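What follows is the content of protein.pdb, which has PDB, C-alpha atoms:
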```pdb
MODEL        1
ATOM      1  CA  MET A   1      -6.378   7.306   5.035
ATOM      2  CA  LEU A   2      -3.121   5.779   4.066
ATOM      3  CA  ARG A   3      -0.451   6.003   6.532
ATOM      4  CA  GLN A   4       3.303   5.947   6.571
ATOM      5  CA  PHE A   5       5.388   5.790   9.784
ATOM      6  CA  CYS A   6       7.552   8.863  10.265
ATOM      7  CA  ILE A   7      10.753   7.087   9.172
ATOM      8  CA  GLN A   8       9.191   6.534   5.774
ATOM      9  CA  VAL A   9       8.794  10.229   5.179
ATOM     10  CA  VAL A  10      12.466  10.629   5.958
ATOM     11  CA  ILE A  11      13.344   7.866   3.514
ATOM     12  CA  VAL A  12      11.272   9.477   0.784
ATOM     13  CA  SER A  13      12.808  12.886   1.386
ATOM     14  CA  THR A  14      16.310  11.462   0.990
ATOM     15  CA  GLN A  15      15.257   9.806  -2.267
ATOM     16  CA  SER A  16      13.451  12.780  -3.738
ATOM     17  CA  LYS A  17      16.320  14.252  -5.733
ATOM     18  CA  ALA A  18      17.216  10.927  -7.319
ATOM     19  CA  ASN A  19      13.844   9.259  -7.779
ATOM     20  CA  PHE A  20      11.048  11.811  -7.936
ATOM     21  CA  THR A  21      10.466  15.209  -9.460
ATOM     22  CA  PRO A  22       8.650  17.273  -6.793
ATOM     23  CA  ARG A  23       5.804  19.353  -8.209
ATOM     24  CA  ARG A  24       2.766  21.046  -6.718
ATOM     25  CA  GLY A  25       2.895  19.315  -3.346
ATOM     26  CA  GLY A  26       3.492  15.859  -4.754
ATOM     27  CA  PHE A  27       5.742  13.659  -6.848
ATOM     28  CA  THR A  28       6.108  12.785 -10.498
ATOM     29  CA  PHE A  29       6.691   9.131 -11.299
ATOM     30  CA  LYS A  30       7.548   7.841 -14.759
ATOM     31  CA  GLN A  31       3.962   7.571 -15.963
ATOM     32  CA  PHE A  32       1.850   9.529 -13.478
ATOM     33  CA  PHE A  33       1.825  12.305 -10.903
ATOM     34  CA  VAL A  34       0.651  12.030  -7.287
ATOM     35  CA  ALA A  35      -0.380  15.187  -5.448
ATOM     36  CA  HIS A  36      -0.652  14.649  -1.694
ATOM     37  CA  ASP A  37      -0.946  18.111  -0.129
ATOM     38  CA  ARG A  38      -4.569  17.424   0.930
ATOM     39  CA  CYS A  39      -3.769  13.995   2.399
ATOM     40  CA  ALA A  40      -2.983  13.416   6.068
ATOM     41  CA  MET A  41      -0.151  11.042   5.205
ATOM     42  CA  LYS A  42       2.147  11.558   2.271
ATOM     43  CA  VAL A  43       3.724   9.430  -0.452
ATOM     44  CA  GLY A  44       6.180   7.076   1.249
ATOM     45  CA  THR A  45       8.349   4.038   0.737
ATOM     46  CA  ASP A  46       5.775   1.643   2.258
ATOM     47  CA  GLY A  47       3.199   2.466  -0.396
ATOM     48  CA  VAL A  48       5.743   2.319  -3.198
ATOM     49  CA  LEU A  49       6.959  -1.096  -2.045
ATOM     50  CA  LEU A  50       3.438  -2.510  -1.836
ATOM     51  CA  GLY A  51       2.384  -1.073  -5.192
ATOM     52  CA  ALA A  52       5.432  -2.542  -6.908
ATOM     53  CA  TRP A  53       5.365  -5.932  -5.125
ATOM     54  CA  ALA A  54       1.719  -7.046  -4.825
ATOM     55  CA  PRO A  55       1.062 -10.069  -7.095
ATOM     56  CA  LEU A  56      -1.269  -9.122  -9.958
ATOM     57  CA  ALA A  57      -1.090 -12.104 -12.298
ATOM     58  CA  GLN A  58      -4.552 -13.578 -11.649
ATOM     59  CA  ALA A  59      -6.436 -10.384 -10.814
ATOM     60  CA  GLN A  60      -9.188  -8.792 -12.878
ATOM     61  CA  ARG A  61     -10.771  -6.850 -10.000
ATOM     62  CA  VAL A  62      -8.520  -5.068  -7.504
ATOM     63  CA  LEU A  63      -9.329  -3.168  -4.308
ATOM     64  CA  ASP A  64      -7.138  -0.691  -2.414
ATOM     65  CA  ILE A  65      -8.378  -0.247   1.168
ATOM     66  CA  GLY A  66      -7.490   3.178   2.554
ATOM     67  CA  CYS A  67      -6.071   4.526  -0.678
ATOM     68  CA  GLY A  68      -4.961   7.961   0.576
ATOM     69  CA  SER A  69      -3.552   9.871  -2.418
ATOM     70  CA  GLY A  70      -4.248   6.924  -4.743
ATOM     71  CA  LEU A  71      -0.550   6.031  -5.091
ATOM     72  CA  ILE A  72      -0.902   2.252  -4.806
ATOM     73  CA  ALA A  73      -4.004   2.092  -7.001
ATOM     74  CA  LEU A  74      -2.178   4.019  -9.724
ATOM     75  CA  MET A  75       0.907   1.802  -9.457
ATOM     76  CA  LEU A  76      -1.281  -1.280  -9.827
ATOM     77  CA  ALA A  77      -3.054   0.317 -12.793
ATOM     78  CA  GLN A  78       0.304   0.901 -14.477
ATOM     79  CA  ARG A  79       1.331  -2.719 -13.850
ATOM     80  CA  SER A  80      -1.904  -4.285 -15.109
ATOM     81  CA  THR A  81      -3.650  -4.751 -18.420
ATOM     82  CA  ASP A  82      -6.549  -2.657 -19.701
ATOM     83  CA  SER A  83      -9.035  -5.312 -18.596
ATOM     84  CA  VAL A  84      -8.208  -4.908 -14.885
ATOM     85  CA  LEU A  85     -10.571  -2.677 -12.891
ATOM     86  CA  ILE A  86      -9.469  -1.067  -9.623
ATOM     87  CA  ASP A  87     -11.592   0.288  -6.785
ATOM     88  CA  ALA A  88      -9.919   2.549  -4.212
ATOM     89  CA  VAL A  89     -11.715   3.220  -0.920
ATOM     90  CA  GLU A  90     -10.812   6.137   1.366
ATOM     91  CA  LEU A  91     -12.562   7.286   4.529
ATOM     92  CA  ASP A  92     -11.202  10.838   4.587
ATOM     93  CA  GLU A  93     -13.133  12.972   2.117
ATOM     94  CA  ALA A  94     -10.281  15.397   1.375
ATOM     95  CA  ALA A  95      -7.871  12.549   0.634
ATOM     96  CA  ALA A  96     -10.492  10.769  -1.486
ATOM     97  CA  ALA A  97     -11.042  13.951  -3.490
ATOM     98  CA  GLN A  98      -7.311  14.288  -4.075
ATOM     99  CA  ALA A  99      -7.019  10.629  -5.056
ATOM    100  CA  ARG A 100      -9.839  11.161  -7.534
ATOM    101  CA  ASP A 101      -8.028  14.171  -9.011
ATOM    102  CA  ASN A 102      -4.807  12.144  -9.282
ATOM    103  CA  VAL A 103      -6.671   9.362 -11.072
ATOM    104  CA  LEU A 104      -8.317  11.796 -13.496
ATOM    105  CA  GLU A 105      -4.894  13.186 -14.448
ATOM    106  CA  SER A 106      -3.464   9.701 -14.966
ATOM    107  CA  PRO A 107      -3.629   7.448 -18.074
ATOM    108  CA  TRP A 108      -5.973   5.049 -16.228
ATOM    109  CA  SER A 109      -8.972   7.187 -15.283
ATOM    110  CA  GLN A 110     -11.323   4.722 -17.001
ATOM    111  CA  ARG A 111     -10.086   1.800 -14.901
ATOM    112  CA  VAL A 112      -9.691   3.282 -11.401
ATOM    113  CA  GLN A 113     -12.655   4.424  -9.325
ATOM    114  CA  VAL A 114     -12.245   6.188  -5.980
ATOM    115  CA  HIS A 115     -14.931   5.781  -3.304
ATOM    116  CA  ALA A 116     -15.164   8.224  -0.379
ATOM    117  CA  GLN A 117     -16.571   5.632   1.981
ATOM    118  CA  ASP A 118     -15.965   3.626   5.132
ATOM    119  CA  ILE A 119     -14.688   0.182   4.156
ATOM    120  CA  HIS A 120     -17.199  -1.469   6.489
ATOM    121  CA  ASP A 121     -20.071   0.092   4.517
ATOM    122  CA  PHE A 122     -18.370  -0.594   1.186
ATOM    123  CA  ALA A 123     -17.976  -4.280   2.090
ATOM    124  CA  GLN A 124     -21.726  -4.722   2.458
ATOM    125  CA  HIS A 125     -22.223  -4.243  -1.296
ATOM    126  CA  HIS A 126     -19.138  -5.877  -2.845
ATOM    127  CA  THR A 127     -18.933  -9.352  -1.328
ATOM    128  CA  GLY A 128     -16.409 -11.699  -2.939
ATOM    129  CA  GLU A 129     -15.604  -9.446  -5.900
ATOM    130  CA  TYR A 130     -11.833  -8.968  -5.748
ATOM    131  CA  GLU A 131      -8.996 -11.254  -6.790
ATOM    132  CA  LEU A 132      -6.489  -8.853  -5.203
ATOM    133  CA  ILE A 133      -6.928  -6.585  -2.187
ATOM    134  CA  VAL A 134      -4.117  -4.329  -0.973
ATOM    135  CA  SER A 135      -3.828  -2.105   2.073
ATOM    136  CA  ASN A 136      -1.232   0.088   3.734
ATOM    137  CA  PRO A 137      -3.248   0.242   6.954
ATOM    138  CA  PRO A 138      -2.996   2.253  10.170
ATOM    139  CA  TYR A 139      -0.967   0.350  12.736
ATOM    140  CA  PHE A 140      -0.410   2.405  15.889
ATOM    141  CA  GLU A 141      -2.568   1.828  18.962
ATOM    142  CA  PRO A 142      -4.385   5.064  19.943
ATOM    143  CA  ALA A 143      -1.986   7.242  21.914
ATOM    144  CA  VAL A 144      -0.998  10.899  21.752
ATOM    145  CA  ALA A 145      -3.530  12.869  19.732
ATOM    146  CA  CYS A 146      -2.454  14.020  16.277
ATOM    147  CA  ARG A 147      -2.801  17.616  15.118
ATOM    148  CA  ASP A 148      -6.000  16.808  13.212
ATOM    149  CA  GLN A 149      -8.574  14.029  12.960
ATOM    150  CA  ALA A 150      -7.586  12.972   9.437
ATOM    151  CA  ARG A 151      -3.999  12.292  10.500
ATOM    152  CA  HIS A 152      -5.269  10.523  13.638
ATOM    153  CA  ASN A 153      -7.411   8.179  11.529
ATOM    154  CA  ALA A 154      -4.512   7.560   9.152
ATOM    155  CA  ARG A 155      -2.029   6.604  11.882
ATOM    156  CA  TYR A 156      -4.069   4.812  14.535
ATOM    157  CA  THR A 157      -6.153   1.633  14.459
ATOM    158  CA  GLU A 158      -9.115   3.283  16.176
ATOM    159  CA  THR A 159     -11.259   3.543  13.034
ATOM    160  CA  LEU A 160      -9.841   0.422  11.338
ATOM    161  CA  THR A 161      -8.528  -2.230  13.699
ATOM    162  CA  HIS A 162      -6.549  -5.081  12.210
ATOM    163  CA  ASP A 163      -9.337  -7.501  13.131
ATOM    164  CA  ALA A 164     -11.793  -5.275  11.270
ATOM    165  CA  LEU A 165      -9.438  -5.043   8.292
ATOM    166  CA  LEU A 166      -9.134  -8.827   8.118
ATOM    167  CA  ALA A 167     -12.903  -9.208   8.455
ATOM    168  CA  SER A 168     -13.477  -6.776   5.587
ATOM    169  CA  ALA A 169     -10.930  -8.593   3.423
ATOM    170  CA  GLU A 170     -12.595 -11.917   4.213
ATOM    171  CA  GLN A 171     -15.892 -10.527   2.999
ATOM    172  CA  LEU A 172     -14.550  -8.793  -0.103
ATOM    173  CA  LEU A 173     -11.984 -11.286  -1.397
ATOM    174  CA  ALA A 174     -12.842 -13.806  -4.105
ATOM    175  CA  PRO A 175     -12.288 -17.454  -3.028
ATOM    176  CA  ASN A 176      -8.934 -17.742  -4.795
ATOM    177  CA  GLY A 177      -7.869 -14.155  -4.207
ATOM    178  CA  THR A 178      -4.890 -12.605  -2.414
ATOM    179  CA  PHE A 179      -4.806  -9.971   0.314
ATOM    180  CA  CYS A 180      -1.593  -7.921   0.654
ATOM    181  CA  VAL A 181      -0.479  -5.559   3.404
ATOM    182  CA  VAL A 182       2.667  -3.670   4.393
ATOM    183  CA  LEU A 183       3.408  -3.142   8.090
ATOM    184  CA  PRO A 184       6.258  -2.521  10.528
ATOM    185  CA  HIS A 185       8.009  -5.859  10.967
ATOM    186  CA  ASP A 186       7.007  -6.614  14.550
ATOM    187  CA  ILE A 187       3.418  -5.480  14.026
ATOM    188  CA  GLY A 188       3.325  -7.443  10.773
ATOM    189  CA  GLU A 189       4.328 -10.626  12.562
ATOM    190  CA  ALA A 190       1.465 -10.155  15.015
ATOM    191  CA  PHE A 191      -0.893  -9.387  12.115
ATOM    192  CA  GLU A 192       0.211 -12.549  10.308
ATOM    193  CA  SER A 193      -0.301 -14.666  13.440
ATOM    194  CA  ASN A 194      -3.758 -13.154  13.907
ATOM    195  CA  ALA A 195      -4.592 -13.853  10.257
ATOM    196  CA  HIS A 196      -3.478 -17.486  10.587
ATOM    197  CA  GLY A 197      -5.770 -17.829  13.598
ATOM    198  CA  ARG A 198      -8.647 -16.642  11.411
ATOM    199  CA  GLY A 199      -7.902 -19.220   8.702
ATOM    200  CA  TRP A 200      -5.641 -17.220   6.386
ATOM    201  CA  HIS A 201      -2.486 -18.670   4.810
ATOM    202  CA  THR A 202       0.746 -16.886   3.910
ATOM    203  CA  ALA A 203       1.610 -17.255   0.220
ATOM    204  CA  GLN A 204       4.429 -14.692   0.076
ATOM    205  CA  ARG A 205       6.397 -12.655   2.603
ATOM    206  CA  LEU A 206       8.972  -9.939   1.930
ATOM    207  CA  ASN A 207      11.135  -8.863   4.885
ATOM    208  CA  VAL A 208      12.554  -5.367   4.364
ATOM    209  CA  SER A 209      15.552  -3.682   5.977
ATOM    210  CA  ASP A 210      17.219  -0.355   5.326
ATOM    211  CA  ARG A 211      20.552  -2.137   4.713
ATOM    212  CA  ALA A 212      21.581  -5.778   4.784
ATOM    213  CA  ASP A 213      23.291  -5.299   8.165
ATOM    214  CA  THR A 214      20.405  -3.445   9.868
ATOM    215  CA  PRO A 215      17.314  -4.899  11.580
ATOM    216  CA  LEU A 216      14.205  -5.697   9.578
ATOM    217  CA  HIS A 217      11.804  -2.766   9.767
ATOM    218  CA  ARG A 218       8.974  -3.622   7.333
ATOM    219  CA  VAL A 219       7.206  -6.753   6.149
ATOM    220  CA  LEU A 220       4.956  -7.245   3.128
ATOM    221  CA  LEU A 221       2.500 -10.133   3.350
ATOM    222  CA  ALA A 222       0.450 -11.861   0.651
ATOM    223  CA  LEU A 223      -2.328 -13.849   2.346
ATOM    224  CA  THR A 224      -4.858 -16.254   0.874
ATOM    225  CA  ARG A 225      -7.961 -17.986   2.173
ATOM    226  CA  GLN A 226      -6.975 -21.218   0.451
ATOM    227  CA  PRO A 227      -4.075 -23.399   1.693
ATOM    228  CA  THR A 228      -0.948 -23.001  -0.398
ATOM    229  CA  ASP A 229       2.248 -24.986  -0.793
ATOM    230  CA  ALA A 230       4.118 -21.938  -2.100
ATOM    231  CA  ASN A 231       5.048 -20.009   1.028
ATOM    232  CA  VAL A 232       7.761 -17.850  -0.525
ATOM    233  CA  GLU A 233       9.806 -15.772   1.918
ATOM    234  CA  ARG A 234      12.426 -13.289   0.729
ATOM    235  CA  LYS A 235      14.503 -10.411   2.080
ATOM    236  CA  LEU A 236      15.016  -6.989   0.568
ATOM    237  CA  ALA A 237      17.637  -4.452   1.636
ATOM    238  CA  ILE A 238      16.934  -0.972   0.273
ATOM    239  CA  LYS A 239      20.397   0.570   0.545
ATOM    240  CA  LEU A 240      24.049  -0.405   0.203
ATOM    241  CA  ALA A 241      26.618   0.433   2.863
ATOM    242  CA  ASP A 242      27.710   3.496   0.859
ATOM    243  CA  GLY A 243      24.159   4.886   0.787
ATOM    244  CA  GLY A 244      23.370   3.842  -2.770
ATOM    245  CA  TYR A 245      20.455   1.589  -3.607
ATOM    246  CA  THR A 246      20.674  -2.176  -3.963
ATOM    247  CA  ASP A 247      20.074  -3.884  -7.283
ATOM    248  CA  ASP A 248      17.074  -5.708  -5.787
ATOM    249  CA  PHE A 249      15.422  -2.452  -4.758
ATOM    250  CA  ARG A 250      16.205  -0.800  -8.090
ATOM    251  CA  HIS A 251      14.746  -3.774  -9.953
ATOM    252  CA  LEU A 252      11.546  -3.596  -7.918
ATOM    253  CA  ILE A 253      10.906   0.099  -8.485
ATOM    254  CA  THR A 254      12.578   0.746 -11.838
ATOM    255  CA  ASP A 255       9.259   1.097 -13.709
ATOM    256  CA  PHE A 256       8.190   3.922 -11.397
ATOM    257  CA  TYR A 257      11.083   6.038 -10.151
ATOM    258  CA  LEU A 258      12.534   8.631 -12.467
ATOM    259  CA  PHE A 259      16.166   8.229 -13.587
ATOM    260  CA  TYR A 260      16.157   4.451 -12.974
TER     261      TYR A 260
ENDMDL
END
```
Using the file provided, produce a representation of the structure as structure tokens.
Amino acid sequence: MLRQFCIQVVIVSTQSKANFTPRRGGFTFKQFFVAHDRCAMKVGTDGVLLGAWAPLAQAQRVLDIGCGSGLIALMLAQRSTDSVLIDAVELDEAAAAQARDNVLESPWSQRVQVHAQDIHDFAQHHTGEYELIVSNPPYFEPAVACRDQARHNARYTETLTHDALLASAEQLLAPNGTFCVVLPHDIGEAFESNAHGRGWHTAQRLNVSDRADTPLHRVLLALTRQPTDANVERKLAIKLADGGYTDDFRHLITDFYLFY
């Protein structure tokens, strides 16, 4: 169910030769492989950014809502200790099956469990369990129909509105936990405002642009239910003017991309 806006697929394709080794309809990272040929939405920069950025320090139980191919769950598994357990929930059965296969081929199959389930149903049985919840959610309002239902669910907020996503996170998050999302910048600002109206607080915010001189196009948010004095806001430019990658971006993804 994970969803990348079309520009992300373009970004990934331009990075493929330098950062990934394509194989079998997917990509090889430094410590794991992600197949995505059975997923409606493919591996993209949004997921990579969230998987590399989400704060893990206090988490022992982690949840990935709408895990798609399992990319983010596997990145978080690589970043965490052996004591951290990760649940990954995916509505689309084909994507969930592929995520499960990706997990089984990874070094962390004992710590990551994939659930082919609607998050609303999942939330009824896992109240308050997770110190970290992450999601790369759908963000388009329903519009032109996609070529298949799986892609439609992955792109549009029809099956998972942002209000419903926040409500699920409220139910599933431990009292001192953190909920992280990645969204287009303008939609992310509206999401953040909506979250504040529901009693959430912004602990961290990363504003992302393609280059330092181009408009912001993504935002990563770390939200908490408890008030926080540490509202850290930073900017990240992915590329230099000459098309190379910035040191900040390289530092963020160096543990995952090949040849970095």
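You can rank A:Leu71, A:Leu173, A:Val48, A:Leu223 by their closest distance to A:Gln98 using only C-alpha atoms, and at the top of that list sits A:Leu71.
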Put a box with edges along x, y and z around all the listed atoms of stretch 80-97 of chain A, pad it by 4 Å on each side, then give me its centre and sizes in Å, one decimal, as JSON.
```
{"center_x": -7.5, "center_y": 5.0, "center_z": -7.6, "size_x": 19.2, "size_y": 28.7, "size_z": 32.3}
```
Between A:His217, A:His162, A:His115, A:Arg225, which is the closest to A:Phe191 once you count only C-alpha atoms? A:His162
Please check which residues have atoms at most 9 Å from (3.8, 3.3, -17.4) in the file's coordinates, counting all atoms listed in the file, and write them as an mmCIF file with C-alpha atoms, in the coordinates of the input.
```cif
data_model
loop_
_atom_site.group_PDB
_atom_site.id
_atom_site.type_symbol
_atom_site.label_atom_id
_atom_site.label_comp_id
_atom_site.auth_asym_id
_atom_site.auth_seq_id
_atom_site.Cartn_x
_atom_site.Cartn_y
_atom_site.Cartn_z
ATOM 1 C CA PHE A 29 6.691 9.131 -11.299
ATOM 2 C CA LYS A 30 7.548 7.841 -14.759
ATOM 3 C CA GLN A 31 3.962 7.571 -15.963
ATOM 4 C CA PHE A 32 1.850 9.529 -13.478
ATOM 5 C CA MET A 75 0.907 1.802 -9.457
ATOM 6 C CA ALA A 77 -3.054 0.317 -12.793
ATOM 7 C CA GLN A 78 0.304 0.901 -14.477
ATOM 8 C CA ARG A 79 1.331 -2.719 -13.850
ATOM 9 C CA PRO A 107 -3.629 7.448 -18.074
ATOM 10 C CA ASP A 255 9.259 1.097 -13.709
ATOM 11 C CA PHE A 256 8.190 3.922 -11.397
#
```
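Comparing A:Val232, A:Val112, A:Val134, A:Ile65 by their smallest distance to A:Val89, the closest is A:Ile65 (using all atoms listed in the file).
Atom CA of A:Ala94 is found 28.1 Å from atom CA of A:Gln60.
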With only C-alpha atoms as the counted atoms, please give the residues lying no more than 10 Å from A:Ile253, apart from itself and same-chain residues fewer than 5 positions off, as a ChimeraX atom specification. /A:19,48-49,51-53,248,258,260
Would you mind exporting C-alpha atoms of the selected residues as a compact mmCIF listing (two decimals), in the coordinates of the input?
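And here is the file that came out, again-v6.txt:
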```
# COMPACT_ATOMS: atom_id res chain seq x y z
CA ASN A 19 13.84 9.26 -7.78
CA VAL A 48 5.74 2.32 -3.20
CA LEU A 49 6.96 -1.10 -2.04
CA GLY A 51 2.38 -1.07 -5.19
CA ALA A 52 5.43 -2.54 -6.91
CA TRP A 53 5.36 -5.93 -5.12
CA ASP A 248 17.07 -5.71 -5.79
CA LEU A 258 12.53 8.63 -12.47
CA TYR A 260 16.16 4.45 -12.97
```
Step by step: start from the point (-4.6, 5.4, -2.7) in the file's coordinates, keep every protein, DNA or RNA residue that has an atom no farther than 10 Å from it, count all atoms listed in the file, and write the set as an MDAnalysis selection string. chainID A and resid 1:2 34 43 47 51 63:75 87:90 95:96 98:100 102:103 114 134:136
If you apply the PyMOL selection byres ((chain A and resi 192) around 12) to this file, what residues do you get, as a VMD selection string? chain A and resid 162 to 163 166 179 to 191 193 to 205 219 to 224
Going by the chain IDs and residue numbers used in this file, which residues fall under the PyMOL selection byres ((chain A and resi 177) around 7)? Write them as a PyMOL selection string. chain A and resi 130-132+173-176+178-179+224
Go ahead and save the picked residues with C-alpha atoms, as a PDB file, keeping the file's coordinate frame.
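Saved as part-v9.pdb:
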```pdb
ATOM      1  CA  TYR A 130     -11.833  -8.968  -5.748  1.00  0.00           C
ATOM      2  CA  GLU A 131      -8.996 -11.254  -6.790  1.00  0.00           C
ATOM      3  CA  LEU A 132      -6.489  -8.853  -5.203  1.00  0.00           C
ATOM      4  CA  LEU A 173     -11.984 -11.286  -1.397  1.00  0.00           C
ATOM      5  CA  ALA A 174     -12.842 -13.806  -4.105  1.00  0.00           C
ATOM      6  CA  PRO A 175     -12.288 -17.454  -3.028  1.00  0.00           C
ATOM      7  CA  ASN A 176      -8.934 -17.742  -4.795  1.00  0.00           C
ATOM      8  CA  THR A 178      -4.890 -12.605  -2.414  1.00  0.00           C
ATOM      9  CA  PHE A 179      -4.806  -9.971   0.314  1.00  0.00           C
ATOM     10  CA  THR A 224      -4.858 -16.254   0.874  1.00  0.00           C
TER      11      THR A 224
END
```
To one decimal place in Å, what is the distance between atom CA of A:Arg111 and atom CA of A:Phe33? 16.4 Å
Answer key for the PyMOL selection byres ((chain A and resi 119) around 9), residues as a short mmCIF file (atom, residue, chain, number, x, y, z; two decimals) with C-alpha atoms, in the frame of the given file:
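Okay, part38.cif is ready:
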```cif
data_model
loop_
_atom_site.label_atom_id
_atom_site.label_comp_id
_atom_site.auth_asym_id
_atom_site.auth_seq_id
_atom_site.Cartn_x
_atom_site.Cartn_y
_atom_site.Cartn_z
CA ILE A 65 -8.38 -0.25 1.17
CA GLY A 66 -7.49 3.18 2.55
CA VAL A 89 -11.72 3.22 -0.92
CA GLU A 90 -10.81 6.14 1.37
CA LEU A 91 -12.56 7.29 4.53
CA GLN A 117 -16.57 5.63 1.98
CA ASP A 118 -15.96 3.63 5.13
CA HIS A 120 -17.20 -1.47 6.49
CA ASP A 121 -20.07 0.09 4.52
CA PHE A 122 -18.37 -0.59 1.19
CA ALA A 123 -17.98 -4.28 2.09
CA GLN A 124 -21.73 -4.72 2.46
CA LEU A 160 -9.84 0.42 11.34
CA LEU A 165 -9.44 -5.04 8.29
CA SER A 168 -13.48 -6.78 5.59
#
```
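Here atom CA of A:Asp46 stands at a distance of 19.7 Å from atom CA of A:Asp213.
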